[in-house]
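The file coords_5.cif comes next; it holds mmCIF, C-alpha atoms.
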```cif
data_input
loop_
_atom_site.label_atom_id
_atom_site.label_comp_id
_atom_site.auth_asym_id
_atom_site.auth_seq_id
_atom_site.Cartn_x
_atom_site.Cartn_y
_atom_site.Cartn_z
CA MET O 67 100.77 112.47 -9.54
CA SER O 68 102.37 111.53 -6.23
CA PHE O 69 102.39 113.53 -3.03
CA ALA O 70 106.13 114.15 -3.48
CA ASP O 71 105.16 116.35 -6.45
CA LEU O 72 103.34 118.57 -3.99
CA LEU O 73 106.67 119.97 -2.81
CA GLN O 74 107.38 121.42 -6.22
CA PRO O 75 106.77 125.19 -6.32
CA MET O 76 104.17 124.86 -9.07
CA PHE O 77 101.96 122.86 -6.68
CA LEU O 78 103.13 124.19 -3.32
CA LEU O 79 102.16 127.78 -4.06
CA PRO O 80 98.58 126.94 -5.12
CA PHE O 81 98.30 124.65 -2.08
CA VAL O 82 99.29 127.50 0.26
CA ASN O 83 96.90 129.88 -1.52
CA GLY O 84 94.06 127.44 -0.93
CA LEU O 85 95.11 126.99 2.67
CA LEU O 86 94.90 130.74 3.27
CA LEU O 87 91.49 130.87 1.62
CA ALA O 88 90.33 127.99 3.83
CA ILE O 89 91.18 130.18 6.85
CA LEU O 90 89.87 133.51 5.58
CA LEU O 91 86.56 132.42 4.03
CA PRO O 92 84.92 130.91 7.15
CA LEU O 93 86.13 133.89 9.18
CA VAL O 94 84.01 136.28 7.12
CA GLY O 95 81.43 133.54 6.57
CA ALA O 96 80.59 133.31 10.27
CA HIS O 97 79.79 137.01 10.37
CA VAL O 98 77.87 136.85 7.08
CA ARG O 99 75.80 134.01 8.52
CA LEU O 100 75.22 135.95 11.72
CA ARG O 101 73.77 138.77 9.61
CA GLU O 102 71.61 136.22 7.74
CA GLU O 103 73.22 137.43 4.53
CA TRP O 104 74.83 134.14 3.57
CA LEU O 105 73.65 134.55 -0.01
CA ALA O 106 76.18 137.42 -0.07
CA SER O 107 78.93 134.91 -0.62
CA LEU O 108 77.34 133.56 -3.78
CA GLY O 109 76.25 136.98 -5.04
CA LEU O 110 79.70 138.52 -4.60
CA ALA O 111 81.48 135.47 -6.02
CA GLN O 112 79.25 135.70 -9.07
CA ALA O 113 79.95 139.43 -9.36
CA ALA O 114 83.67 138.60 -9.33
CA ALA O 115 83.06 135.99 -12.05
CA ALA O 116 81.33 138.63 -14.13
CA GLY O 117 84.40 140.82 -13.55
CA VAL O 118 86.65 138.05 -14.87
CA MET O 119 84.58 137.91 -18.05
CA VAL O 120 84.55 141.70 -18.40
CA GLY O 121 88.34 141.67 -18.08
CA ALA O 122 88.67 138.95 -20.69
CA PHE O 123 86.29 140.68 -23.07
CA TRP O 124 88.20 143.96 -22.98
CA ASN O 125 91.69 142.46 -22.51
CA ALA O 126 92.05 144.04 -19.07
CA PRO O 127 93.81 142.42 -16.07
CA ILE O 128 91.31 139.75 -15.06
CA ALA O 129 92.07 139.55 -11.33
CA VAL O 130 91.94 143.32 -10.91
CA VAL O 131 88.62 143.65 -12.74
CA ALA O 132 87.19 140.76 -10.68
CA LEU O 133 88.19 142.55 -7.47
CA VAL O 134 86.78 145.84 -8.69
CA ALA O 135 83.51 144.19 -9.73
CA ALA O 136 83.02 142.47 -6.38
CA VAL O 137 83.89 145.59 -4.38
CA ALA O 138 81.65 147.74 -6.58
CA ALA O 139 78.78 145.29 -6.04
CA ALA O 140 79.33 145.36 -2.27
CA LEU O 141 79.48 149.15 -2.18
CA PHE O 142 76.39 149.48 -4.34
CA LYS O 143 74.54 147.19 -1.98
CA SER O 144 75.85 149.09 1.07
CA PHE O 145 74.78 152.47 -0.19
CA PHE O 146 71.71 151.81 -2.30
CA GLY O 147 70.49 148.26 -1.96
CA PRO O 148 68.23 146.83 0.69
CA ARG O 149 70.13 145.00 3.43
CA GLY O 150 69.45 141.32 3.20
CA ASN O 151 69.45 138.40 0.85
CA GLU O 152 67.24 140.05 -1.80
CA SER O 153 70.02 142.43 -2.88
CA TYR O 154 72.49 139.53 -3.07
CA ALA O 155 70.03 137.47 -5.13
CA LEU O 156 69.78 140.34 -7.62
CA MET O 157 73.57 140.62 -7.66
CA LEU O 158 73.86 136.90 -8.28
CA LEU O 159 71.43 136.93 -11.20
CA LEU O 160 72.98 140.02 -12.78
CA GLY O 161 76.50 138.60 -12.39
CA TRP O 162 75.46 135.28 -13.90
CA THR O 163 73.80 136.94 -16.90
CA VAL O 164 76.77 139.24 -17.59
CA ALA O 165 79.31 136.44 -17.15
CA LEU O 166 77.59 134.00 -19.47
CA LEU O 167 76.79 136.53 -22.18
CA LEU O 168 80.37 137.82 -22.23
CA ALA O 169 81.70 134.24 -22.16
CA ALA O 170 79.61 133.43 -25.20
CA ASN O 171 81.01 136.42 -27.07
CA SER O 172 84.71 136.48 -26.20
CA ALA O 173 87.65 134.51 -27.50
CA HIS O 174 88.66 132.81 -24.23
CA GLY O 175 85.22 132.94 -22.64
CA ASP O 176 84.62 129.21 -22.69
CA ASP O 177 87.94 128.43 -21.02
CA LEU O 178 87.43 131.05 -18.35
CA GLY O 179 83.86 129.95 -17.75
CA HIS O 180 85.13 126.44 -17.27
CA ALA O 181 87.79 127.64 -14.84
CA LEU O 182 85.24 129.61 -12.82
CA THR O 183 83.05 126.53 -12.59
CA GLU O 184 85.70 123.94 -11.70
CA GLY O 185 88.23 126.18 -9.97
CA GLN O 186 91.71 127.10 -11.15
CA LEU O 187 93.67 126.85 -7.94
CA TYR O 188 96.67 125.24 -9.66
CA PHE O 189 97.07 128.37 -11.81
CA THR O 190 97.21 130.79 -8.89
CA GLY O 191 100.64 132.19 -8.17
CA THR O 192 102.65 134.69 -6.21
CA ARG O 193 100.29 137.61 -6.83
CA HIS O 194 97.38 135.64 -5.42
CA LEU O 195 99.53 134.75 -2.42
CA GLN O 196 100.51 138.38 -1.84
CA ALA O 197 96.89 139.49 -2.07
CA LEU O 198 95.74 136.74 0.31
CA VAL O 199 98.43 137.57 2.87
CA ALA O 200 97.40 141.23 2.71
CA VAL O 201 93.71 140.41 3.11
CA GLY O 202 94.53 137.99 5.93
CA LEU O 203 96.51 140.63 7.81
CA VAL O 204 93.64 143.09 7.39
CA GLN O 205 91.03 140.52 8.47
CA PHE O 206 92.86 139.40 11.60
CA GLY O 207 93.98 142.94 12.35
CA LEU O 208 90.47 144.30 12.13
CA LEU O 209 88.72 141.40 13.84
CA PRO O 210 89.01 142.70 17.43
CA TRP O 211 87.48 146.01 16.28
CA LEU O 212 85.04 144.63 13.76
CA ALA O 213 83.54 141.55 15.42
CA PRO O 214 82.04 143.27 18.51
CA ARG O 215 80.54 145.97 16.31
CA LEU O 216 79.01 143.49 13.90
CA LEU O 217 77.53 141.51 16.80
CA LEU O 218 76.27 144.65 18.52
CA ALA O 219 74.61 145.89 15.33
CA ARG O 220 73.05 142.47 14.80
CA PHE O 221 71.57 141.98 18.27
CA PHE O 222 70.95 145.62 19.18
CA PRO O 223 70.11 147.06 15.75
CA ASP O 224 69.06 150.45 17.14
CA HIS O 225 72.20 150.96 19.20
CA PHE O 226 74.24 152.94 16.69
CA ALA O 227 71.33 155.12 15.55
CA ALA O 228 70.38 155.84 19.16
CA ASN O 229 73.93 156.98 19.82
CA GLY O 230 74.12 159.34 16.86
CA ARG O 231 75.77 156.97 14.37
CA PRO O 232 73.02 155.81 11.98
CA ASN O 233 75.53 154.67 9.33
CA PRO O 234 78.50 153.20 11.19
CA HIS O 235 81.70 152.68 9.20
CA HIS O 236 82.11 149.06 10.19
CA GLU O 237 79.26 148.01 7.88
CA ILE O 238 81.03 149.25 4.76
CA VAL O 239 84.42 147.99 5.93
CA PHE O 240 82.93 144.54 6.40
CA ASP O 241 81.11 144.53 3.05
CA VAL O 242 84.34 145.44 1.23
CA LEU O 243 86.29 142.81 3.15
CA VAL O 244 83.76 140.13 2.19
CA ALA O 245 83.86 141.25 -1.46
CA VAL O 246 87.66 141.19 -1.71
CA THR O 247 87.90 137.79 -0.02
CA LEU O 248 85.18 136.35 -2.26
CA ALA O 249 86.77 137.74 -5.41
CA LEU O 250 90.09 136.11 -4.53
CA ALA O 251 88.28 132.87 -3.67
CA ALA O 252 86.14 132.77 -6.83
CA THR O 253 89.21 133.19 -9.03
CA ALA O 254 90.97 130.31 -7.25
CA PHE O 255 88.36 127.79 -6.11
CA GLY O 256 85.63 128.68 -8.63
CA VAL O 257 82.33 130.38 -7.82
CA MET O 258 80.44 127.52 -6.22
CA ALA O 259 83.37 126.20 -4.18
CA ALA O 260 84.06 129.71 -2.87
CA PHE O 261 80.43 129.86 -1.79
CA ALA O 262 80.70 126.42 -0.18
CA VAL O 263 83.76 127.34 1.91
CA VAL O 264 82.22 130.56 3.14
CA PHE O 265 78.83 128.98 3.85
CA LEU O 266 79.23 125.36 4.98
CA PRO O 267 81.92 125.48 7.72
CA PRO O 268 80.15 128.28 9.65
CA TRP O 269 76.83 126.47 9.12
CA ILE O 270 78.27 123.39 10.78
CA ALA O 271 80.01 125.40 13.50
CA PHE O 272 76.83 127.31 14.37
CA ARG O 273 75.27 123.99 15.25
CA PHE O 274 78.03 122.73 17.53
CA ALA O 275 79.89 125.62 19.12
CA ARG O 276 79.17 127.53 22.30
CA GLY O 277 80.62 131.02 22.21
CA TRP O 278 81.39 133.31 19.30
CA PHE O 279 85.14 132.88 19.03
CA ARG O 280 84.80 129.12 19.42
CA THR O 281 82.31 129.25 16.54
CA ILE O 282 84.83 131.07 14.38
CA ALA O 283 87.65 128.73 15.41
CA LEU O 284 85.56 125.63 14.76
CA GLY O 285 84.47 126.99 11.38
CA ILE O 286 88.12 127.55 10.40
CA GLY O 287 89.05 124.09 11.68
CA ILE O 288 86.29 122.42 9.65
CA SER O 289 87.25 124.43 6.59
CA LEU O 290 90.92 123.51 6.90
CA ALA O 291 90.12 119.81 7.40
CA GLY O 292 87.80 119.89 4.39
CA TYR O 293 90.33 121.70 2.23
CA LEU O 294 93.22 119.38 3.12
CA ALA O 295 91.10 116.31 2.38
CA ALA O 296 89.78 117.83 -0.84
CA PHE O 297 93.23 118.90 -2.03
CA ALA O 298 94.65 115.44 -1.34
CA LEU O 299 91.77 113.74 -3.18
CA ALA O 300 91.86 116.11 -6.14
CA PHE O 301 95.65 115.86 -6.36
CA ARG O 302 95.78 112.08 -6.05
CA PHE O 303 92.94 111.32 -8.45
CA ASP O 304 93.49 114.28 -10.79
CA GLN O 305 90.07 115.79 -10.22
CA PRO O 306 88.98 119.47 -10.44
CA ILE O 307 89.45 121.09 -7.04
CA GLY O 308 86.14 123.03 -6.90
CA PRO O 309 83.67 120.14 -6.97
CA VAL O 310 85.86 118.03 -4.66
CA ILE O 311 85.93 120.81 -2.03
CA VAL O 312 82.15 121.13 -2.21
CA GLY O 313 81.68 117.35 -1.96
CA VAL O 314 83.97 116.97 1.06
CA LEU O 315 82.34 119.90 2.90
CA LEU O 316 78.89 118.53 2.15
CA ALA O 317 79.98 115.22 3.67
CA LEU O 318 81.23 117.06 6.76
CA ALA O 319 77.93 118.93 6.95
CA LEU O 320 76.15 115.63 7.64
CA SER O 321 77.62 115.91 11.14
CA ARG O 322 75.00 118.57 11.92
CA ALA O 323 72.52 115.75 12.38
CA PHE O 324 74.45 114.60 15.47
CA ALA O 325 74.83 117.99 17.12
CA ARG O 326 74.62 118.47 20.87
CA TYR O 327 75.51 121.93 22.07
CA MET P 298 68.88 171.58 30.74
CA ASN P 299 70.95 170.46 33.79
CA ASP P 300 69.49 167.13 34.83
CA VAL P 301 67.18 166.81 31.84
CA LEU P 302 68.07 163.86 29.60
CA LEU P 303 65.21 164.25 27.15
CA ASP P 304 62.94 167.16 26.43
CA VAL P 305 60.08 166.21 24.12
CA GLU P 306 57.84 169.06 23.09
CA ALA P 307 54.60 168.67 21.11
CA LEU P 308 56.05 165.75 19.21
CA VAL P 309 54.02 164.45 16.27
CA ALA P 310 55.67 161.34 14.84
CA GLY P 311 54.95 158.49 12.46
CA TYR P 312 56.22 156.89 9.29
CA ARG P 313 54.51 157.78 6.00
CA ASP P 314 51.82 159.58 7.97
CA PRO P 315 51.65 160.80 11.56
CA VAL P 316 50.52 158.11 13.99
CA VAL P 317 50.99 159.78 17.36
CA GLY P 318 51.02 163.17 18.97
CA PRO P 319 51.30 165.80 20.00
CA VAL P 320 53.16 164.35 22.99
CA SER P 321 55.22 166.32 25.50
CA PHE P 322 57.34 165.16 28.41
CA ARG P 323 60.69 165.56 30.08
CA LEU P 324 62.87 162.78 31.38
CA HIS P 325 65.21 163.76 34.20
CA ARG P 326 68.25 161.97 35.51
CA GLY P 327 67.34 159.74 38.43
CA GLU P 328 63.82 158.83 37.34
CA ILE P 329 61.97 156.03 35.60
CA LEU P 330 59.34 157.57 33.38
CA GLY P 331 56.46 155.46 32.10
CA LEU P 332 54.92 156.08 28.69
CA ALA P 333 51.58 154.30 29.00
CA GLY P 334 48.62 153.82 26.71
CA PRO P 335 46.64 151.16 24.92
CA ASN P 336 47.97 149.04 22.06
CA GLY P 337 48.18 151.03 18.84
CA SER P 338 48.35 154.41 20.55
CA GLY P 339 51.81 155.09 19.10
CA LYS P 340 53.97 154.76 22.23
CA SER P 341 56.63 152.73 20.46
CA THR P 342 56.60 155.24 17.58
CA VAL P 343 57.46 157.97 20.09
CA LEU P 344 60.38 155.87 21.29
CA ARG P 345 61.51 155.24 17.72
CA ALA P 346 61.31 158.95 16.95
CA LEU P 347 63.62 159.59 19.90
CA ILE P 348 66.35 157.48 18.26
CA GLY P 349 65.79 158.67 14.71
CA ARG P 350 63.96 155.58 13.51
CA ALA P 351 60.60 157.28 12.98
CA ARG P 352 59.78 160.51 11.20
CA ILE P 353 59.17 163.65 13.22
CA PHE P 354 56.38 165.67 11.55
CA SER P 355 56.36 168.49 14.05
CA GLY P 356 57.52 169.34 17.53
CA GLN P 357 60.98 168.88 18.96
CA VAL P 358 63.15 166.30 20.66
CA ARG P 359 66.07 167.78 22.56
CA ARG P 360 68.71 165.81 24.36
CA GLY P 361 70.45 167.00 27.51
CA ASP P 362 73.87 168.60 27.54
CA GLY P 363 76.93 166.58 26.58
CA PRO P 364 77.14 163.11 25.14
CA ILE P 365 74.34 160.86 26.36
CA ALA P 366 75.08 157.17 25.95
CA THR P 367 71.82 155.42 25.10
CA ALA P 368 70.70 151.79 25.36
CA VAL P 369 67.59 150.62 23.52
CA GLN P 370 65.65 147.48 24.36
CA ALA P 371 63.77 146.36 21.28
CA GLN P 372 60.18 145.26 21.59
CA ARG P 373 61.07 142.15 19.57
CA PRO P 374 64.75 141.42 20.13
CA VAL P 375 66.61 139.68 17.32
CA ARG P 376 66.44 135.89 17.82
CA LEU P 377 68.05 133.65 15.24
CA ALA P 378 67.23 129.97 14.87
CA GLU P 379 70.84 129.18 15.75
CA MET P 380 72.72 131.53 18.03
CA PRO P 381 76.06 130.12 19.23
CA ILE P 382 76.66 133.24 21.32
CA THR P 383 76.56 132.85 25.10
CA GLY P 384 74.57 135.03 27.47
CA ARG P 385 77.82 136.41 28.89
CA GLU P 386 79.03 137.43 25.42
CA TYR P 387 75.65 139.02 24.76
CA LEU P 388 75.94 141.15 27.91
CA ARG P 389 79.53 142.03 27.05
CA LEU P 390 78.35 143.59 23.78
CA MET P 391 76.56 146.26 25.81
CA ASP P 392 79.30 146.42 28.42
CA ALA P 393 76.77 144.96 30.87
CA ALA P 394 78.85 142.01 32.06
CA ARG P 395 80.70 143.95 34.74
CA GLN P 396 77.72 144.20 37.07
CA ALA P 397 76.39 141.15 38.88
CA PRO P 398 73.32 140.02 36.95
CA PRO P 399 70.00 139.22 38.61
CA PRO P 400 70.16 135.79 40.31
CA GLN P 401 67.65 134.41 37.79
CA LEU P 402 70.11 135.12 34.98
CA ALA P 403 73.35 134.19 36.70
CA GLY P 404 73.04 130.48 35.92
CA LEU P 405 72.15 131.08 32.28
CA LEU P 406 75.10 133.16 31.17
CA ASP P 407 77.18 130.28 29.84
CA LEU P 408 74.34 128.85 27.75
CA ARG P 409 73.88 129.59 24.06
CA LEU P 410 71.19 132.17 23.41
CA ASP P 411 69.10 129.64 21.50
CA GLN P 412 68.96 127.47 24.63
CA LEU P 413 67.06 130.16 26.55
CA SER P 414 63.28 130.34 26.72
CA GLY P 415 61.51 133.37 25.28
CA GLY P 416 61.07 134.89 28.76
CA GLN P 417 64.68 134.20 29.80
CA PHE P 418 65.98 135.77 26.60
CA GLN P 419 63.75 138.81 27.05
CA LEU P 420 65.01 139.26 30.61
CA LEU P 421 68.60 138.95 29.39
CA HIS P 422 67.90 141.54 26.69
CA VAL P 423 66.42 143.98 29.20
CA TRP P 424 69.32 143.42 31.59
CA ALA P 425 71.84 144.02 28.79
CA CYS P 426 70.39 147.55 28.58
CA LEU P 427 69.87 148.19 32.28
CA GLY P 428 73.24 146.69 33.24
CA SER P 429 75.06 148.80 30.66
CA PRO P 430 76.67 152.12 31.59
CA ALA P 431 74.17 154.02 29.40
CA ASP P 432 72.87 157.35 30.73
CA LEU P 433 69.54 156.90 28.98
CA VAL P 434 67.80 153.51 28.82
CA LEU P 435 64.77 153.11 26.56
CA LEU P 436 62.64 150.02 27.24
CA ASP P 437 59.90 149.07 24.79
CA GLU P 438 57.33 146.67 26.28
CA PRO P 439 60.00 145.07 28.47
CA ASP P 440 57.70 142.34 29.82
CA ASN P 441 56.95 140.84 26.39
CA ASN P 442 57.10 137.01 26.41
CA MET P 443 57.48 136.91 30.19
CA ASP P 444 55.62 134.54 32.47
CA PRO P 445 54.57 135.87 35.91
CA LYS P 446 57.81 134.70 37.54
CA ALA P 447 60.03 136.39 34.96
CA ARG P 448 57.85 139.49 35.17
CA ALA P 449 58.33 139.60 38.93
CA THR P 450 62.08 139.41 38.32
CA LEU P 451 61.84 142.25 35.83
CA ILE P 452 60.05 144.39 38.42
CA ASP P 453 62.77 143.57 40.97
CA VAL P 454 65.44 144.49 38.45
CA LEU P 455 63.79 147.81 37.63
CA HIS P 456 63.35 148.60 41.31
CA GLY P 457 66.98 147.78 41.97
CA THR P 458 68.40 149.50 38.92
CA ARG P 459 71.05 152.13 39.45
CA LEU P 460 69.43 155.47 38.79
CA ALA P 461 72.13 157.90 39.89
CA GLY P 462 72.81 160.13 36.91
CA ARG P 463 70.73 158.14 34.47
CA GLY P 464 67.12 157.95 33.34
CA VAL P 465 64.89 155.13 32.17
CA LEU P 466 61.91 155.45 29.82
CA VAL P 467 59.51 152.51 29.98
CA VAL P 468 56.98 152.12 27.16
CA SER P 469 54.21 149.69 28.09
CA HIS P 470 50.54 149.03 27.59
CA GLU P 471 50.56 147.17 30.93
CA HIS P 472 49.32 149.84 33.31
CA ASP P 473 50.13 147.84 36.41
CA LEU P 474 53.76 147.48 35.28
CA VAL P 475 54.34 151.21 34.80
CA GLU P 476 52.46 152.01 38.01
CA THR P 477 54.67 149.56 39.91
CA VAL P 478 58.08 150.53 38.56
CA CYS P 479 57.85 154.13 37.34
CA THR P 480 58.37 157.28 39.32
CA ARG P 481 56.14 159.22 36.91
CA ILE P 482 53.72 158.32 34.10
CA VAL P 483 52.77 160.07 30.87
CA GLU P 484 49.64 158.85 29.12
CA VAL P 485 49.60 158.57 25.33
CA ALA P 486 46.05 158.72 24.01
CA ALA P 487 44.86 156.25 21.35
#
```
Can you turn what I pasted into structure tokens?
Amino acid sequence: MSFADLLQPMFLLPFVNGLLLAILLPLVGAHVRLREEWLASLGLAQAAAAGVMVGAFWNAPIAVVALVAAVAAALFKSFFGPRGNESYALMLLLGWTVALLLAANSAHGDDLGHALTEGQLYFTGTRHLQALVAVGLVQFGLLPWLAPRLLLARFFPDHFAANGRPNPHHEIVFDVLVAVTLALAATAFGVMAAFAVVFLPPWIAFRFARGWFRTIALGIGISLAGYLAAFALAFRFDQPIGPVIVGVLLALALSRAFARY
Amino acid sequence: MNDVLLDVEALVAGYRDPVVGPVSFRLHRGEILGLAGPNGSGKSTVLRALIGRARIFSGQVRRGDGPIATAVQAQRPVRLAEMPITGREYLRLMDAARQAPPPQLAGLLDLRLDQLSGGQFQLLHVWACLGSPADLVLLDEPDNNMDPKARATLIDVLHGTRLAGRGVLVVSHEHDLVETVCTRIVEVAA
């Protein structure tokens, strides 16, 4: 394939979908990392993967069930689970078990399992784009309200309880936002690549940046650079997008060794 | 209640079981009240009961009339291995960046939090509460991690803190600290 092919709608649309994900994932990823809940990204992506398999098994709309599964997992964790990586580890293991068992017992399970491992960005279309634009508008619209509250709750954990708000709404809003973003990412990039884009760019940015919004901006910049390089490599050499994204971001992560604040 | 911010009456508090009490005191606007006592006497549990983080077995905690904005300094503030947030951003979270900070902090505000020493970070954390517009400021062992110089700064800050209309509760096992900075002291027995 040549880069001129990229201008064809069948490639351009997936490219734009990936580009939007490369912006949205590190945005939530920086806050997830701040909360030391980075395993959330993998747990929720795996919950979405389980949703894909549930949808396939019962012939239900796959993307919708994936979204519902991820949001349900996030809400369950918000209301009942312990805050922290333990609840996400349990979610990850449960999602993995359900996904693989259903894959082994459904007609298209193997194909879907393959897609969730390697990524199926080239098969995303207008509906994915519409969902990503909607999530993007919500993320950037809520950021000025959400970010200070998340930081305040992180560094002054007693503040909301001391002021009569022991269960502030922003926690649930954020959990749902992470779940929706991860579900859209897992069904486009694959589970592990979705995890990589939400985890690695903020991890690198946390090392270099000074200031919270610079950290977010740098994380998005790293993610975009990684995605563009990965898309070009995967497109040119006809490789699966998921592993190439992970490989490129891992290469960028080596820069942490040279960090000076 | 008028100028009373907190009215604590025969409070017995703890977690699974009671660990402190009965304790009674009132905190008025315009004063710094010290809650003193040895380590393990349950002073911090009293403070945590005031903000709903510890169980109240008996007694009562009443707040003054109207909304009372509260700032809480944690005994062990959250410190992450990597914190790309600057000191100025940290103060802004508590709306404490409008006031001029103590001179010892002024030069540190543009550094990342993980570039500060333990004492500097503790002082910043305390100032985030004292510099905020909160009516009620709860300080739990505010001189933790502080060397003598930082501690002297803390004492200066507490002496210079704006008290008009607000009250400060200082929990500390350091008797000399509460005697130096507090207008009144309540002893919590071990």
Next item on the list: For chain P, work out the contacting residues on chain O at 9 Å, counting all atoms listed in the file, and write them as a list in words.
Entry: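 My answer is Leu100, Glu102, Pro214, Arg215, Leu217, Leu218, Arg220, Phe221, Phe222, Pro223, Asp224, His225, Ala227, Ala228, Asn229, Gly230, Pro232, Ala271, Phe272, Arg273, Phe274, Ala275, Arg276, Gly277, Trp278, Phe279, Arg280, Thr281 and Tyr327 of chain O.
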Next item on the list: Would you mind reading off the distance between atom CA of Gly334 of chain P and atom CA of Ala486 of chain P, one decimal, in Å?
Entry: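 Atom CA of Ala486 of chain P lies 6.2 Å from atom CA of Gly334 of chain P.
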Note to self: Could you tell me, as a list in words, exactly which residues end up selected when the PyMOL selection byres ((chain P and resi 472) around 10) is applied to this structure?
What the structure shows: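 Expected selection for the PyMOL selection byres ((chain P and resi 472) around 10) here is Gly331, Leu332, Ala333, Gly334, Pro335, Ser469, His470, Glu471, Asp473, Leu474, Val475, Glu476, Thr477, Ile482 and Glu484 of chain P.
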Next item on the list: Run through the PyMOL selection byres ((chain P and resi 326) around 7) on the given coordinates and return the selected residues as a PyMOL selection string.
Entry: chain P and resi 300-302+324-325+327-328+462-464
Note to self: Would you compute the distance between atom CA of Ala260 of chain O and atom CA of Met157 of chain O? Give it in Å to one decimal.
What the structure shows: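 Separating atom CA of Ala260 of chain O from atom CA of Met157 of chain O is a distance of 15.9 Å.
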Check: Do you have the atom CA of Ala323 of chain O-atom CA of Gly404 of chain P distance handy?
Finding: 27.8 Å
Next item on the list: Give as a list in words every residue, naming chains and numbers as the document does, that has an atom within 12 Å of (83.0, 152.1, 8.4), counting only C-alpha atoms.
Entry: Leu141, Ser144, Phe145, Leu208, Trp211, Leu212, Arg215, Leu216, Arg231, Pro232, Asn233, Pro234, His235, His236, Glu237, Ile238, Val239, Phe240, Asp241, Val242 and Leu243 of chain O
Using all atoms of segment 315-334 of chain P listed in the file and a margin of 6 Å per side, can you give the axis-aligned box centre and edge lengths in Å to one decimal, as lines of an AutoDock Vina configuration file?
```
center_x = 58.4
center_y = 160.1
center_z = 25.0
size_x = 31.6
size_y = 24.5
size_z = 38.9
```
Next item on the list: On this file, the PyMOL selection byres ((chain O and resi 168-179) around 9) gives some set of residues; write that set as JSON, numbers by chain.
Entry: {"O": [115, 116, 118, 119, 120, 122, 123, 124, 163, 164, 165, 166, 167, 180, 181, 182, 183, 184]}
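The smallest atom-to-atom distance between Asp304 of chain P and any of P:Asn336, P:Ser341, P:Gln401, P:Gln357, using all atoms listed in the file, is found for P:Gln357.
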Next item on the list: Measuring atom to atom with all atoms listed in the file, identify which of O:Val201, O:Leu86, O:Ala106, O:Ala111 is nearest to Ala135 of chain O.
Entry: O:Ala111
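Nearest to Leu303 of chain P of all the residues P:Val358, P:Ile452, P:Leu330, P:Leu421 is P:Val358, based on only C-alpha atoms.
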With N, CA and C atoms as the target, complete segment 149-161 of chain O and hand it back as an mmCIF file, in the frame of the given file.
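Contents of rebuild_13.cif, freshly written:
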```
data_model
loop_
_atom_site.group_PDB
_atom_site.id
_atom_site.type_symbol
_atom_site.label_atom_id
_atom_site.label_comp_id
_atom_site.auth_asym_id
_atom_site.auth_seq_id
_atom_site.Cartn_x
_atom_site.Cartn_y
_atom_site.Cartn_z
ATOM 1 N N ARG O 149 69.295 145.943 2.706
ATOM 2 C CA ARG O 149 70.130 145.000 3.430
ATOM 3 C C ARG O 149 69.395 143.673 3.499
ATOM 4 N N GLY O 150 70.078 142.626 3.136
ATOM 5 C CA GLY O 150 69.450 141.320 3.200
ATOM 6 C C GLY O 150 69.675 140.543 1.937
ATOM 7 N N ASN O 151 69.139 139.324 1.929
ATOM 8 C CA ASN O 151 69.450 138.400 0.850
ATOM 9 C C ASN O 151 68.875 138.819 -0.505
ATOM 10 N N GLU O 152 67.841 139.650 -0.523
ATOM 11 C CA GLU O 152 67.240 140.050 -1.800
ATOM 12 C C GLU O 152 68.275 140.766 -2.679
ATOM 13 N N SER O 153 69.055 141.673 -2.067
ATOM 14 C CA SER O 153 70.020 142.430 -2.880
ATOM 15 C C SER O 153 71.110 141.491 -3.401
ATOM 16 N N TYR O 154 71.465 140.473 -2.607
ATOM 17 C CA TYR O 154 72.490 139.530 -3.070
ATOM 18 C C TYR O 154 71.929 138.618 -4.166
ATOM 19 N N ALA O 155 70.639 138.287 -4.087
ATOM 20 C CA ALA O 155 70.030 137.470 -5.130
ATOM 21 C C ALA O 155 70.040 138.226 -6.461
ATOM 22 N N LEU O 156 69.743 139.519 -6.404
ATOM 23 C CA LEU O 156 69.780 140.340 -7.620
ATOM 24 C C LEU O 156 71.197 140.405 -8.176
ATOM 25 N N MET O 157 72.164 140.574 -7.264
ATOM 26 C CA MET O 157 73.570 140.620 -7.660
ATOM 27 C C MET O 157 73.994 139.315 -8.324
ATOM 28 N N LEU O 158 73.542 138.222 -7.752
ATOM 29 C CA LEU O 158 73.860 136.900 -8.280
ATOM 30 C C LEU O 158 73.311 136.723 -9.700
ATOM 31 N N LEU O 159 72.059 137.108 -9.886
ATOM 32 C CA LEU O 159 71.430 136.930 -11.200
ATOM 33 C C LEU O 159 72.067 137.843 -12.241
ATOM 34 N N LEU O 160 72.351 139.082 -11.848
ATOM 35 C CA LEU O 160 72.980 140.020 -12.780
ATOM 36 C C LEU O 160 74.387 139.539 -13.151
ATOM 37 N N GLY O 161 75.144 139.095 -12.149
ATOM 38 C CA GLY O 161 76.500 138.600 -12.390
ATOM 39 C C GLY O 161 76.493 137.386 -13.304
#
```
